[in-house]
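Q: Quick one: the structure is below, and I'll ask about it shortly.
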Amino acid sequence: MRKLTFKGGIHPPEKKELSENESIIEFPVRPEISVPLLQQLGAPSKPLVKKGDPVKKGQMIGEAQGFISANVHSPVSGKVKDVDYTNHPVTGRGISVTILTESNNTPTSDDYFKAEDPEKLSPQEIADIAKNSGIVGMGGASFPTHVKLIPPKGKNYESLILNGAECEPYLTADYRLMLEKPEKILLGAKLMMKACLAKKTFIAIESNKPEAVREWEKLTSGEDWIELKVMKTKYPQGAEKQLINAITGKEVPSGGLPVDVGVLVQNVGTAAALYDAVYSGEPLIKRVTTVTGAVKRRANLLVPVGTYVSDIIEFLGGYLGEPGKVIFGGPMMGVSQRTDGVPVIKSTSGILVLSKTESTEKPQTNCIRCSRCVTVCPIGLMPYEIAARSETGDLETAGSVGALDCIECGSCSFICPARRDLVQLIRLAKNKIIAKKKRGAQK
Amino acid sequence: MNFTPIVFSTAVVGALGLAFGIILSAAAKKFRVETDPRVEEILKLLPGANCGACGAPGCAAYAQGVVEGKYAPSGCIPGAGVTAEKIAQILGVQAETGEKKIAYLLCGGDREQSPDIGKYEGVMTCRGAHLVISGMKACSWGCIGFGDCVEACPFDAIKMGEKGLPVIDREKCTGCGKCEQACPKEIIKIMPISIPLVVRCSNPEKLKNVKDVCKVGCIGCSLCVKKSPENSLEMRGNLPYLKDAYPKDRKLWQEAINSCPSKCLSEGA
């Protein structure tokens, strides 16, 4: 089979061998968990419980506020200890519902609202279930799924791409899910396809996962609605725009969305979450997370949302040597944490621990104009140029050379022989440009 | 020596110059664009920092606008009352001069009071650090101290202090608000220079959470509210705020300021 890919990209060490053979283990519920009310892109949810309230597993504890937002549910039965600020893996501090798990943490699946006949759901009904169950994109960006499932007026989806590329080094959560729960993904994808009215579904898997490819070859053979696409192993193959380009040959216009080229991209984990919501009525309250790097035991865990990292590390026997960095997500786009007292959220695809030696930074030097960043940029930008403009504060030029098109994949920083913080500088420019636009809009 | 060519060329060039001069002066008379001389005069009065605090894209645009009546004579914030009065004089109107406003940093947690709990590697600007889970300082709401405000100040009024908090010069600060925009934590606020009480903390969290991260953070005890003159202080969330009307006499405020157990209240500049 011809391996599909995009222009540019890099080949970081994959390091997937550390955890790829560990089957998914269900992580036991801890006595205390803390569920942040901001687990999605967009506005934080509004708390529905207060201190002292009893909560049931699957009960909605945070309600979506605004168009781009998502509901939050309690992953356990217990009592609300507090609704207050706690550590947050993305914003540093954020409002969370801290819950003390009660000993009789019995599953209350009877309370779950199961769809009576999943085959007969209408597109809007499927989107409503996704909304009620608080489903967000599980790949890492956590965009609320119901928002993009139904195409906006005047536009339509032609194809659905299931993203199983998992191009981030170290991470193996999607891989294990594709091997162990393929039927969930398949049925979830069918629901998605029905909701978004696409004509064809593609499942994209990188060629470094031969077992998953074999498994899915079996599953998709003889099915005419879904087709397996094997992607070249390259970072960032799993980025939305790159995936669309590799599979359909279409390019998402600058400033546009995938819907502009008629494509919907969903992570395989999101499809499985939608399956759970529709077929068993369970909202999104746990996810598969890869815990890897400098930990005693590496694992792929099915973790309840809100579980503290310190509890997970303890469960796995502790750190291997002195930890240098704890990263939520992969090493390329993940967020480095300040403490291990942070809870896992819906978008936590991995917890990567780097040892002290692995995480020491080498000093950066001046740009030597080698243009390697230009060669690898999957969007075709000039990262060195945007970074230089960002440094001098020339936002106008930074914007005019495409700062806002950057997907922050970090390929430029990875390849830079002068070790410059290219992607960080570009992010900074993006943030400043957006802040300026907002100020302008207010006036 | 033959002087003829010299005399000849001088005469030609002189005649040409004279001719063009006459044409130009005639054109200048004929195609004259009427400009208001007051625009020039006002422009001379303005500080020339092009800070944009007035809302116009620069000093020249403001000068033009103020003559046309688009902006108020007191619109120039860096120029403050003095400039406003002079502008009003030129325009022959009464200026409504507001009180001078300056920037205040609403954080007192320097490196000793609220130390770093992580190591930040990357672009050494506040906004850069803030983008990575709100920075490496123990208090997520407080000043990071890389000096985005120092960089942003067009009047050289902000210096980075020894303990990692910016110090604002009350004389040089014009209240243009550039630092307010630059600060990613939104903890620099433009307030009247005479303000009797400044809360040097922006952490909205509760007692224990604040104490864990900073020695001089506001713990929300509301003692100052009880001691405030004419009840002109109120708690919003876990922080005290001045109400719209408050007594300006600083002596009245001493008790409230001294009542703070965390020492996070101070007088205005």
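Going by the structure tokens order, chains are called A, B, ..., each with residues numbered from 1, while ligands are numbered from 1 in the order shown.
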Find the residues of chain B in contact range of chain A, meaning any atom within 8 Å when counting only C-alpha atoms, and list them as an mmCIF file with N, CA, C and O atoms, in the first residue's frame.
A:
```cif
data_model
loop_
_atom_site.group_PDB
_atom_site.id
_atom_site.type_symbol
_atom_site.label_atom_id
_atom_site.label_comp_id
_atom_site.auth_asym_id
_atom_site.auth_seq_id
_atom_site.Cartn_x
_atom_site.Cartn_y
_atom_site.Cartn_z
ATOM 1 N N ILE B 117 8.369 27.954 41.706
ATOM 2 C CA ILE B 117 8.278 26.537 42.054
ATOM 3 C C ILE B 117 8.665 25.651 40.869
ATOM 4 O O ILE B 117 8.734 24.449 40.971
ATOM 5 N N GLY B 118 8.887 26.275 39.740
ATOM 6 C CA GLY B 118 9.316 25.508 38.588
ATOM 7 C C GLY B 118 10.439 26.250 37.915
ATOM 8 O O GLY B 118 10.727 27.396 38.259
ATOM 9 N N GLU B 121 12.101 27.651 31.105
ATOM 10 C CA GLU B 121 13.086 27.728 30.031
ATOM 11 C C GLU B 121 12.342 28.188 28.796
ATOM 12 O O GLU B 121 11.370 27.562 28.400
ATOM 13 N N GLY B 122 12.801 29.236 28.211
ATOM 14 C CA GLY B 122 12.117 29.696 27.010
ATOM 15 C C GLY B 122 12.273 31.192 26.846
ATOM 16 O O GLY B 122 13.182 31.795 27.399
ATOM 17 N N VAL B 123 11.366 31.768 26.068
ATOM 18 C CA VAL B 123 11.446 33.187 25.783
ATOM 19 C C VAL B 123 11.281 33.955 27.096
ATOM 20 O O VAL B 123 10.307 33.763 27.811
ATOM 21 N N ARG B 127 4.774 37.381 29.019
ATOM 22 C CA ARG B 127 3.705 36.749 28.265
ATOM 23 C C ARG B 127 4.122 35.350 27.812
ATOM 24 O O ARG B 127 3.330 34.425 27.831
ATOM 25 N N GLY B 128 5.393 35.220 27.432
ATOM 26 C CA GLY B 128 5.896 33.908 27.037
ATOM 27 C C GLY B 128 5.769 32.913 28.170
ATOM 28 O O GLY B 128 5.318 31.783 27.995
ATOM 29 N N LEU B 131 2.119 31.937 28.999
ATOM 30 C CA LEU B 131 1.471 31.013 28.066
ATOM 31 C C LEU B 131 1.699 29.562 28.450
ATOM 32 O O LEU B 131 0.983 28.675 28.026
ATOM 33 N N VAL B 132 2.753 29.291 29.220
ATOM 34 C CA VAL B 132 3.002 27.929 29.675
ATOM 35 C C VAL B 132 2.433 27.820 31.094
ATOM 36 O O VAL B 132 3.051 28.268 32.048
ATOM 37 N N ILE B 133 1.285 27.249 31.237
ATOM 38 C CA ILE B 133 0.541 27.137 32.487
ATOM 39 C C ILE B 133 0.796 28.279 33.485
ATOM 40 O O ILE B 133 1.074 28.055 34.656
ATOM 41 N N SER B 134 0.659 29.488 32.998
ATOM 42 C CA SER B 134 0.696 30.693 33.830
ATOM 43 C C SER B 134 2.038 30.994 34.487
ATOM 44 O O SER B 134 2.104 31.758 35.438
ATOM 45 N N GLY B 135 3.089 30.404 33.998
ATOM 46 C CA GLY B 135 4.402 30.770 34.518
ATOM 47 C C GLY B 135 4.868 29.904 35.658
ATOM 48 O O GLY B 135 4.159 29.031 36.143
ATOM 49 N N MET B 136 6.090 30.180 36.144
ATOM 50 C CA MET B 136 6.749 29.281 37.077
ATOM 51 C C MET B 136 6.675 29.757 38.511
ATOM 52 O O MET B 136 7.148 29.103 39.411
ATOM 53 N N SER B 140 0.108 31.911 40.808
ATOM 54 C CA SER B 140 -0.229 31.973 39.380
ATOM 55 C C SER B 140 -0.811 33.318 38.963
ATOM 56 O O SER B 140 -0.946 33.586 37.783
ATOM 57 N N GLU B 205 -8.026 33.681 45.259
ATOM 58 C CA GLU B 205 -8.271 32.419 45.953
ATOM 59 C C GLU B 205 -8.472 32.622 47.456
ATOM 60 O O GLU B 205 -8.360 33.712 47.973
#
```
Q: So that I can see what lies close to A:Glu32, please list as a PyMOL selection string the residues with an atom at most 7 Å from it, counting only C-alpha atoms and leaving out residues fewer than 2 positions away in the same chain.
A: chain A and resi 30+34+99-101
Q: Since we have the selection now, will you write its residues out, keeping all heavy atoms, as a PDB file, in the first residue's frame?
A:
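Heads up, here's the output in selection01.pdb:
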```pdb
ATOM      1  N   ARG A  30      -9.463   6.723  43.076  1.00  0.00           N
ATOM      2  CA  ARG A  30      -8.767   7.169  44.289  1.00  0.00           C
ATOM      3  C   ARG A  30      -9.758   7.815  45.272  1.00  0.00           C
ATOM      4  O   ARG A  30     -10.839   8.249  44.860  1.00  0.00           O
ATOM      5  CB  ARG A  30      -7.679   8.186  43.941  1.00  0.00           C
ATOM      6  CG  ARG A  30      -6.725   7.758  42.874  1.00  0.00           C
ATOM      7  CD  ARG A  30      -6.083   6.442  43.143  1.00  0.00           C
ATOM      8  NE  ARG A  30      -5.304   6.436  44.394  1.00  0.00           N
ATOM      9  CZ  ARG A  30      -4.573   5.404  44.787  1.00  0.00           C
ATOM     10  NH1 ARG A  30      -4.537   4.298  44.076  1.00  0.00           N
ATOM     11  NH2 ARG A  30      -3.882   5.465  45.902  1.00  0.00           N
ATOM     12  N   SER A  34     -10.157  15.516  41.717  1.00  0.00           N
ATOM     13  CA  SER A  34     -10.471  16.923  41.514  1.00  0.00           C
ATOM     14  C   SER A  34     -10.748  17.145  40.031  1.00  0.00           C
ATOM     15  O   SER A  34      -9.863  16.993  39.198  1.00  0.00           O
ATOM     16  CB  SER A  34      -9.273  17.717  42.014  1.00  0.00           C
ATOM     17  OG  SER A  34      -9.361  19.012  41.599  1.00  0.00           O
ATOM     18  N   ILE A  99     -13.884  15.992  44.787  1.00  0.00           N
ATOM     19  CA  ILE A  99     -14.860  15.023  45.267  1.00  0.00           C
ATOM     20  C   ILE A  99     -14.167  13.968  46.117  1.00  0.00           C
ATOM     21  O   ILE A  99     -13.119  13.432  45.735  1.00  0.00           O
ATOM     22  CB  ILE A  99     -15.585  14.344  44.081  1.00  0.00           C
ATOM     23  CG1 ILE A  99     -16.266  15.392  43.197  1.00  0.00           C
ATOM     24  CG2 ILE A  99     -16.607  13.329  44.579  1.00  0.00           C
ATOM     25  CD1 ILE A  99     -16.719  14.862  41.867  1.00  0.00           C
ATOM     26  N   LEU A 100     -14.767  13.691  47.286  1.00  0.00           N
ATOM     27  CA  LEU A 100     -14.290  12.598  48.124  1.00  0.00           C
ATOM     28  C   LEU A 100     -15.075  11.357  47.721  1.00  0.00           C
ATOM     29  O   LEU A 100     -16.298  11.313  47.832  1.00  0.00           O
ATOM     30  CB  LEU A 100     -14.522  12.912  49.599  1.00  0.00           C
ATOM     31  CG  LEU A 100     -13.723  14.102  50.139  1.00  0.00           C
ATOM     32  CD1 LEU A 100     -14.181  14.440  51.545  1.00  0.00           C
ATOM     33  CD2 LEU A 100     -12.240  13.801  50.138  1.00  0.00           C
ATOM     34  N   THR A 101     -14.355  10.357  47.232  1.00  0.00           N
ATOM     35  CA  THR A 101     -15.021   9.148  46.763  1.00  0.00           C
ATOM     36  C   THR A 101     -15.562   8.382  47.962  1.00  0.00           C
ATOM     37  O   THR A 101     -14.871   8.237  48.969  1.00  0.00           O
ATOM     38  CB  THR A 101     -14.018   8.273  46.012  1.00  0.00           C
ATOM     39  OG1 THR A 101     -13.284   9.104  45.131  1.00  0.00           O
ATOM     40  CG2 THR A 101     -14.721   7.187  45.238  1.00  0.00           C
TER      41      THR A 101
END
```
Q: What gap, in Å, lies between atom CA of B:Ala157 and atom CA of B:Ala103?
A: 9.7 Å
Q: Do you have the atom CA of A:Ile61-atom CA of A:Leu48 distance handy?
A: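 If I compute the distance from atom CA of A:Ile61 to atom CA of A:Leu48, I get 5.0 Å.
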Q: Name all residues at most 6 Å from A:Val35 (count only C-alpha atoms; drop same-chain ones fewer than 4 positions away) and give them as a PyMOL selection string.
A: chain A and resi 96-97+306
Q: Please produce a file of the residues just selected, as a PDB file, in the first residue's frame, where the atoms kept are N, CA and C atoms.
A:
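So the final result, stored in out-v9.pdb, reads:
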```pdb
ATOM      1  N   SER A  96     -12.115  23.872  40.195  1.00  0.00           N
ATOM      2  CA  SER A  96     -12.361  22.441  40.073  1.00  0.00           C
ATOM      3  C   SER A  96     -13.357  22.019  41.131  1.00  0.00           C
ATOM      4  N   VAL A  97     -14.030  20.892  40.855  1.00  0.00           N
ATOM      5  CA  VAL A  97     -14.897  20.277  41.851  1.00  0.00           C
ATOM      6  C   VAL A  97     -14.101  19.132  42.463  1.00  0.00           C
ATOM      7  N   GLY A 306      -9.807  13.618  36.494  1.00  0.00           N
ATOM      8  CA  GLY A 306      -9.709  14.223  37.824  1.00  0.00           C
ATOM      9  C   GLY A 306      -8.711  13.531  38.738  1.00  0.00           C
TER      10      GLY A 306
END
```
Q: Which one of B:Lys263, B:Lys44, B:Arg38, B:Lys185 sits closest to B:Gln113 if you count only C-alpha atoms?
A: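 Ranking B:Lys263, B:Lys44, B:Arg38, B:Lys185 by distance to B:Gln113, first place goes to B:Lys263.
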Q: Please identify which residues in stretch 60-118 of chain B DSSP calls alpha helix (DSSP H) from the backbone, and express them as a list in words.
A: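 Alpha helix (DSSP H) members of stretch 60-118 of chain B, listed: Ala60, Ala61, Tyr62, Ala63, Gln64, Gly65, Val66, Val67, Glu68, Ala80, Gly81, Val82, Thr83, Ala84, Glu85, Lys86, Ile87, Ala88, Gln89, Ile90 and Leu91 of chain B.
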Q: Among stretch 165-411 of chain A, which ones does DSSP assign to strand (DSSP E) (computed from the backbone)? Answer as a PyMOL selection string.
A: chain A and resi 200-206+226-231+263-267+286-293+299-304+323-328+335-336+350-355
Q: Give the answer as one residue: which of B:His130, B:Lys208, B:Lys29, B:Lys215 has the shortest atom-to-atom distance to B:Pro115, using only C-alpha atoms?
A: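 Smallest distance to B:Pro115 is found for B:Lys215.
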Q: B:Ile23, B:Val67, B:Ile188, B:Cys201: which is nearest B:Val93, counting only C-alpha atoms?
A: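 Closest candidate: B:Val67.
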Q: If you count only C-alpha atoms, which residues fall within 10 Å of A:Gln124, apart from same-chain ones fewer than 3 positions away, as number ranges by chain?
A: A: 121, 127-130, 146, 149-150, 194-196
